[in-house]
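Asker: Here's a structure for you.
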Amino acid sequence: MRLLPNPFRALVIGSSGTIGGAFVELLKNTPSCSEVIGIHRQSEYRIDYQNLDSIESCATALTHKGPFHLIINTIGVLHSNNWMPEKRLDDINAEQLAELMKINAIGPALTIRYFSKLLDPKGSIMVTLSAKVGSIEDNRLGGWYSYRASKAALNMLIKTASIEWARTKPNATLIAMHPGTVNSELSKPFRGEQIGRSAKEATADMFQVIENLKNEDSGSFISYSGEKLPW
Ligand SMILES: NC(=O)c1ccc[n+]([C@@H]2O[C@H](COP(=O)([O-])OP(=O)(O)OC[C@H]3O[C@@H](n4cnc5c(N)ncnc54)[C@H](OP(=O)(O)O)[C@@H]3O)[C@@H](O)[C@H]2O)c1
């Protein structure tokens with residue numbers, strides 16, 4: 001049975017980003033989606049992971065817009081003006097590690113906590129974008145210490161929350177999703193333009209997977225192709 005009702009209402013978190021913006025466009029053009037709201041650091045309802053208190057206040061401010069049947073969180077960072085992913089152990093530094101943990105793991109975990117209250121308890125899906133490089137099992141190349149560790153931490157937070165949801169929100173499905181390599185600001189310094197596909201293509205692939213999710217998929221790490229990834 002399909003988890004998303006027809007019509008359904010959606011919320012995209014991080015809609016100023018390449019993938020987030022493409023999800024908003026896709027959902028606007030999806031006939032069964034009756035409304036899509038996009039939020040980011042500059043939107044009317046602001047969410048800023050530099051200010052973790054904004055997560056609860058943003059969720060509270062959006063309560064009257066809910067309930068939502070689909071929430072997709074696309075916020076994430078890989079590099080900044082101050083640093084690039086670490087190539088070797090000697091590049092590890094506390095500032096970068098703490099920053100990526102905050103934006104890629106702590107922010108998304110608090111988002112699951114507060115935004116889950118906006119989900120329709122009768123049936124809903126919450127997707128958080130992770131990355132295959134966050135898979136401990138799949139780590140063959142090394143490097144990118146803080147990004148890998150922050151996405152691995154995110155994965156554990158999602159898995160753990162999904163176990164709790166099986167008891168407390170049995171009709172809500174919570175997954176971590178890998179978008180594949182997508183041409184975006186995030187991937188640009190790593191030949192994203194050459195090796196990544198467009199966000200339009202990536203979101204179309206991911207939405208097809210989302211539409212076909214089953215409740216038993218909750219607590220999975222799933223690729224844009226529908227493949228289950230090792231944690
Ligand atoms: N692109 C890829 O190849 C790829 C591969 C694997 C996984 N992913 C994951 O996919 C997700 C989306 O990536 P993308 O390629 O669309 O990147 P992007 O274009 O750089 O978008 C990143 C989004 O995160 C937001 N963000 C960054 N720091 C934030 C903060 N402190 N508070 C609130 N929002 C913040 C950005 O907001 P601003 O516009 O305000 O900066 C933007 O909306 C990320 O989680 C990424 O790890 C991407």
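Naming scheme: A, B, ... for chains in displayed order of the structure tokens; residues 1 onward per chain; ligands 1 onward as shown.
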Could you report the residues within 6 Å of ligand 1, using only C-alpha atoms and all ligand atoms, as a VMD selection string?

Answerer: chain A and resid 14 to 20 40 to 41 47 to 50 74 to 77 103 129 to 131 178 to 187

Asker: Write the selection just made, keeping N, CA and C atoms, as a short mmCIF file (atom, residue, chain, number, x, y, z; two decimals), in the first residue's frame?

Answerer:
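Written output follows (again.cif):
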data_model
loop_
_atom_site.label_atom_id
_atom_site.label_comp_id
_atom_site.auth_asym_id
_atom_site.auth_seq_id
_atom_site.Cartn_x
_atom_site.Cartn_y
_atom_site.Cartn_z
N GLY A 14 15.67 23.22 3.64
CA GLY A 14 16.90 23.48 2.88
C GLY A 14 16.57 23.74 1.41
N SER A 15 15.46 24.43 1.16
CA SER A 15 14.99 24.60 -0.23
C SER A 15 15.79 25.65 -0.99
N SER A 16 16.74 26.32 -0.33
CA SER A 16 17.64 27.23 -1.06
C SER A 16 18.76 26.45 -1.74
N GLY A 17 18.94 25.20 -1.38
CA GLY A 17 20.02 24.39 -1.93
C GLY A 17 19.65 23.81 -3.30
N THR A 18 20.62 23.21 -3.94
CA THR A 18 20.41 22.68 -5.29
C THR A 18 19.38 21.55 -5.27
N ILE A 19 19.58 20.58 -4.40
CA ILE A 19 18.66 19.43 -4.37
C ILE A 19 17.33 19.84 -3.72
N GLY A 20 17.40 20.65 -2.66
CA GLY A 20 16.18 21.12 -2.01
C GLY A 20 15.30 21.91 -2.97
N HIS A 40 14.27 27.60 4.53
CA HIS A 40 15.74 27.66 4.58
C HIS A 40 16.15 28.81 5.50
N ARG A 41 17.43 29.21 5.41
CA ARG A 41 17.94 30.24 6.34
C ARG A 41 17.33 31.61 6.15
N ILE A 47 15.06 28.48 9.25
CA ILE A 47 15.75 27.39 9.95
C ILE A 47 17.23 27.55 9.68
N ASP A 48 18.02 27.68 10.76
CA ASP A 48 19.45 27.93 10.62
C ASP A 48 20.19 27.06 11.64
N TYR A 49 20.96 26.11 11.14
CA TYR A 49 21.63 25.18 12.04
C TYR A 49 22.79 25.82 12.79
N GLN A 50 23.14 27.08 12.44
CA GLN A 50 24.12 27.80 13.28
C GLN A 50 23.44 28.23 14.58
N THR A 74 17.09 18.46 3.31
CA THR A 74 18.24 18.40 2.39
C THR A 74 19.44 19.21 2.89
N ILE A 75 19.35 19.74 4.11
CA ILE A 75 20.47 20.57 4.61
C ILE A 75 21.72 19.72 4.81
N GLY A 76 22.86 20.27 4.40
CA GLY A 76 24.13 19.57 4.64
C GLY A 76 25.29 20.40 4.13
N VAL A 77 26.47 20.17 4.71
CA VAL A 77 27.69 20.85 4.23
C VAL A 77 28.82 19.85 4.08
N ILE A 103 26.15 20.73 11.76
CA ILE A 103 25.27 20.95 10.61
C ILE A 103 24.73 19.64 10.02
N LEU A 129 18.49 13.60 3.84
CA LEU A 129 19.57 13.26 2.92
C LEU A 129 20.86 13.01 3.69
N SER A 130 21.40 11.83 3.47
CA SER A 130 22.69 11.47 4.04
C SER A 130 23.67 11.37 2.87
N ALA A 131 24.65 10.49 2.94
CA ALA A 131 25.59 10.30 1.84
C ALA A 131 26.21 8.91 2.00
N HIS A 178 20.51 8.47 0.11
CA HIS A 178 21.71 8.91 -0.62
C HIS A 178 21.27 9.40 -2.00
N PRO A 179 21.57 10.68 -2.34
CA PRO A 179 21.09 11.20 -3.63
C PRO A 179 21.95 10.83 -4.82
N GLY A 180 23.09 10.20 -4.59
CA GLY A 180 24.04 9.99 -5.69
C GLY A 180 24.86 11.27 -5.86
N THR A 181 25.80 11.26 -6.79
CA THR A 181 26.58 12.48 -7.02
C THR A 181 25.76 13.42 -7.90
N VAL A 182 25.53 14.62 -7.37
CA VAL A 182 24.66 15.59 -8.03
C VAL A 182 25.47 16.87 -8.26
N ASN A 183 25.29 17.44 -9.42
CA ASN A 183 25.97 18.69 -9.74
C ASN A 183 25.38 19.81 -8.89
N SER A 184 26.16 20.27 -7.89
CA SER A 184 25.65 21.29 -6.96
C SER A 184 26.82 22.08 -6.38
N GLU A 185 26.48 23.09 -5.59
CA GLU A 185 27.52 23.87 -4.89
C GLU A 185 28.40 22.96 -4.05
N LEU A 186 27.74 21.99 -3.43
CA LEU A 186 28.45 21.09 -2.51
C LEU A 186 29.48 20.22 -3.25
N SER A 187 29.12 19.77 -4.45
CA SER A 187 30.00 18.83 -5.16
C SER A 187 30.95 19.52 -6.14
#

Asker: Taking the backbone alone, and naming residues the way the document does, which bits of segment 22-119 of chain A are strand (DSSP E or B) by DSSP, as a compact mmCIF listing (two decimals) with C-alpha atoms, in the first residue's frame?

Answerer:
# COMPACT_ATOMS: atom_id res chain seq x y z
CA CYS A 33 0.93 17.11 -4.10
CA SER A 34 -1.65 19.71 -3.06
CA GLU A 35 0.87 22.01 -1.34
CA VAL A 36 4.63 22.23 -0.91
CA ILE A 37 6.39 24.61 1.45
CA GLY A 38 10.13 25.20 1.25
CA ILE A 39 12.11 26.58 4.17
CA PHE A 68 2.48 17.17 6.40
CA LEU A 70 6.14 14.18 3.43
CA ILE A 71 9.08 16.05 4.98
CA ILE A 72 12.41 16.04 3.15
CA ASN A 73 15.47 17.53 4.86
CA LEU A 119 3.70 14.76 10.47

Asker: Just want the 12 Å neighbourhood of Lys102 of chain A, counted on only C-alpha atoms, with same-chain residues fewer than 4 positions away dropped. Output as a list of chain:residue names.

Answerer: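 Here the answer would be A:Asp48, A:Tyr49, A:Gln50, A:Asn51, A:Leu52, A:Ile75, A:Gly76, A:Val77, A:Glu95, A:Gln96, A:Leu97, A:Ala98, A:Ile106, A:Gly107, A:Pro108, A:Ala109, A:Leu110, A:Thr111, A:Ser146, A:Tyr147, A:Ala149, A:Ser150, A:Lys151, A:Ala153, A:Leu154.
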
Asker: Which is closer to Ser80 of chain A than all the others in A:Phe207, A:Thr128, A:Pro189, A:Pro121, using only C-alpha atoms?

Answerer: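 Checking each candidate against Ser80 of chain A, we get A:Pro189 as the closest.
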
Asker: Compile the contact shell of Cys58 of chain A as a VMD selection string: residues with an atom at most 7 Å away, counting only C-alpha atoms, same-chain residues fewer than 3 positions apart removed.

Answerer: chain A and resid 45 to 47 54 to 55 61 to 62

Asker: Which residue is closest to Phe8 of chain A? Choose from A:Lys122, A:His64, A:His79, A:Lys228 and count only C-alpha atoms.

Answerer: A:Lys122

Asker: Distance atom CA of Asn212 of chain A-atom CA of Gly226 of chain A, one decimal place?

Answerer: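 So the answer is 9.1 Å.
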
Asker: Mind pulling up the distance from atom CA of Lys159 of chain A to atom CA of Glu211 of chain A?

Answerer: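 Atom CA of Lys159 of chain A lies at a distance of 20.2 Å from atom CA of Glu211 of chain A.
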
Asker: Run DSSP on the backbone and tell me which residues of segment 52-171 of chain A come out as helix (DSSP H, G or I); list them as JSON, numbers by chain.

Answerer: {"A": [53, 54, 55, 56, 57, 58, 59, 60, 61, 63, 64, 65, 89, 90, 91, 94, 95, 96, 97, 98, 99, 100, 101, 102, 103, 104, 105, 106, 107, 108, 109, 110, 111, 112, 113, 114, 115, 116, 117, 118, 132, 133, 134, 145, 146, 147, 148, 149, 150, 151, 152, 153, 154, 155, 156, 157, 158, 159, 160, 161, 162, 163, 164, 165, 166, 167, 168]}

Asker: Go through A:Glu227, A:Glu137, A:Asp120, A:Asp217 and flag the residue nearest Leu4 of chain A, using only C-alpha atoms for the distances.

Answerer: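 The answer is A:Asp120, which sits nearest to Leu4 of chain A.
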
Asker: State, in Å with one decimal place, the distance from atom CA of Thr63 of chain A to atom CA of Phe115 of chain A.

Answerer: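 The value is 9.0 Å.
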
Asker: Taking only C-alpha atoms into account, name the residue in A:Ala202, A:Leu174, A:Met84, A:Ile195 that is nearest to Gly219 of chain A.

Answerer: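 Counting only C-alpha atoms, the residue closest to Gly219 of chain A is A:Leu174.
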
Asker: Name the closest residue to Pro85 of chain A among the candidates A:Glu44, A:Ile136, A:Gly143, A:Thr173; distances are taken between atoms, counting only C-alpha atoms.

Answerer: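 Closest to Pro85 of chain A, using only C-alpha atoms: A:Gly143.
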
Asker: Return the single residue from A:Lys87, A:Lys188, A:Arg148, A:Lys117 that is closest to Asn104 of chain A, with distances computed using only C-alpha atoms.

Answerer: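 Between A:Lys87, A:Lys188, A:Arg148, A:Lys117, the residue approaching Asn104 of chain A most closely is A:Arg148.
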